[in-house]
Amino acid sequence: MKTQKVTHESSLPSNTRNKLVLRRTRKRFNPRIFIDRIIETTAIISLLITGFSGVGAMGCWGMEIIETNNPNIIISGWQQQKNICLGAMLVSFSAFLGSSLVGASLSIQQDKFSGDK
């Protein structure tokens with residue numbers, strides 16, 4: 001990030017020569033960095049959701065196997081939960097692919113226009 005330094009002469013009376021007073025530098029808002037961080041965060045979160053939904057779907061498939069092998073055990077609701085987990089996996093993986101594609105295209109655009117030497 002680019003910073004802007006502000007300096008001015010002290011207006012306080014002192015016996016010594018005027019000193020330069022450095023104030024805290026203020027960071028400028030850079031929308032390009034902000035967008036890059038949002039895309040990166042979206043990709044990481046969508047991968048995590050994909051992984052957790054996959055674990056949930058595998059658990060539901062385990063319930064299916066248990067119910068198939070032992071008809072005395074009745075576990076209700078796992079079919080709907082399995083479909084929910086598989087749908088969440090599909091949506092979050094699609095979000096990962098989309099954010100990765102947008103991030104890659106933005107970085108290629110930045111390299112194309114700022115890479116001239």
# chains A, B, ... in the order shown; residues from 1 in each chain; ligands from 1
call {"tool": "residues_around", "arguments": {"residues": "Gly103 in chain A", "least_positions_apart": "3", "cutoff": "10 Å", "atoms": "only C-alpha atoms", "output": "list of chain:residue names"}}
result
A:Ile35, A:Asp36, A:Arg37, A:Ile38, A:Ile39, A:Glu40, A:Ala43, A:Leu97, A:Gly98, A:Ser99, A:Ser100, A:Leu106, A:Ser107, A:Ile108, A:Gln109
call {"tool": "residues_around", "arguments": {"residues": "Ile73 in chain A", "least_positions_apart": "5", "cutoff": "12 Å", "atoms": "only C-alpha atoms", "output": "MDAnalysis selection string"}}
result
chainID A and resid 63:68
call {"tool": "write_last_selection", "arguments": {"atoms": "C-alpha atoms", "output": "PDB file, in the first residue's frame"}}
result
ATOM      1  CA  MET A  63     -26.053 -44.151   7.475  1.00  0.00           C
ATOM      2  CA  GLU A  64     -27.403 -45.545   4.211  1.00  0.00           C
ATOM      3  CA  ILE A  65     -25.043 -48.517   4.432  1.00  0.00           C
ATOM      4  CA  ILE A  66     -25.962 -49.143   8.078  1.00  0.00           C
ATOM      5  CA  GLU A  67     -29.677 -49.029   7.295  1.00  0.00           C
ATOM      6  CA  THR A  68     -29.244 -51.341   4.290  1.00  0.00           C
TER       7      THR A  68
END
call {"tool": "residues_around", "arguments": {"residues": "Gln79 in chain A", "least_positions_apart": "5", "cutoff": "10 Å", "atoms": "only C-alpha atoms", "output": "PyMOL selection string"}}
result
chain A and resi 57+60-61+63-64+84-85
call {"tool": "write_last_selection", "arguments": {"atoms": "N, CA and C atoms", "output": "PDB file, in the first residue's frame"}}
result
ATOM      1  N   ALA A  57     -21.732 -35.521   3.724  1.00  0.00           N
ATOM      2  CA  ALA A  57     -22.326 -36.435   2.739  1.00  0.00           C
ATOM      3  C   ALA A  57     -21.805 -37.857   2.930  1.00  0.00           C
ATOM      4  N   CYS A  60     -23.642 -39.389   5.759  1.00  0.00           N
ATOM      5  CA  CYS A  60     -24.997 -39.809   5.364  1.00  0.00           C
ATOM      6  C   CYS A  60     -24.950 -41.098   4.539  1.00  0.00           C
ATOM      7  N   TRP A  61     -23.940 -41.238   3.695  1.00  0.00           N
ATOM      8  CA  TRP A  61     -23.796 -42.497   2.963  1.00  0.00           C
ATOM      9  C   TRP A  61     -23.508 -43.651   3.918  1.00  0.00           C
ATOM     10  N   MET A  63     -24.732 -43.826   6.920  1.00  0.00           N
ATOM     11  CA  MET A  63     -26.053 -44.151   7.475  1.00  0.00           C
ATOM     12  C   MET A  63     -26.853 -45.023   6.506  1.00  0.00           C
ATOM     13  N   GLU A  64     -26.709 -44.740   5.226  1.00  0.00           N
ATOM     14  CA  GLU A  64     -27.403 -45.545   4.211  1.00  0.00           C
ATOM     15  C   GLU A  64     -26.915 -46.992   4.253  1.00  0.00           C
ATOM     16  N   ILE A  84     -28.801 -32.320   0.847  1.00  0.00           N
ATOM     17  CA  ILE A  84     -28.409 -30.960   1.238  1.00  0.00           C
ATOM     18  C   ILE A  84     -26.891 -30.825   1.213  1.00  0.00           C
ATOM     19  N   CYS A  85     -26.190 -31.814   1.751  1.00  0.00           N
ATOM     20  CA  CYS A  85     -24.716 -31.769   1.768  1.00  0.00           C
ATOM     21  C   CYS A  85     -24.138 -31.801   0.362  1.00  0.00           C
TER      22      CYS A  85
END
call {"tool": "atom_distance", "arguments": {"atom1": "CA of Gly59 in chain A", "atom2": "CA of Ile44 in chain A"}}
result
23.0 Å
call {"tool": "closest_residue", "arguments": {"among": "A:Thr25, A:Asn30, A:Ser53, A:Thr42", "to": "Ala88 in chain A", "atoms": "only C-alpha atoms"}}
result
A:Ser53
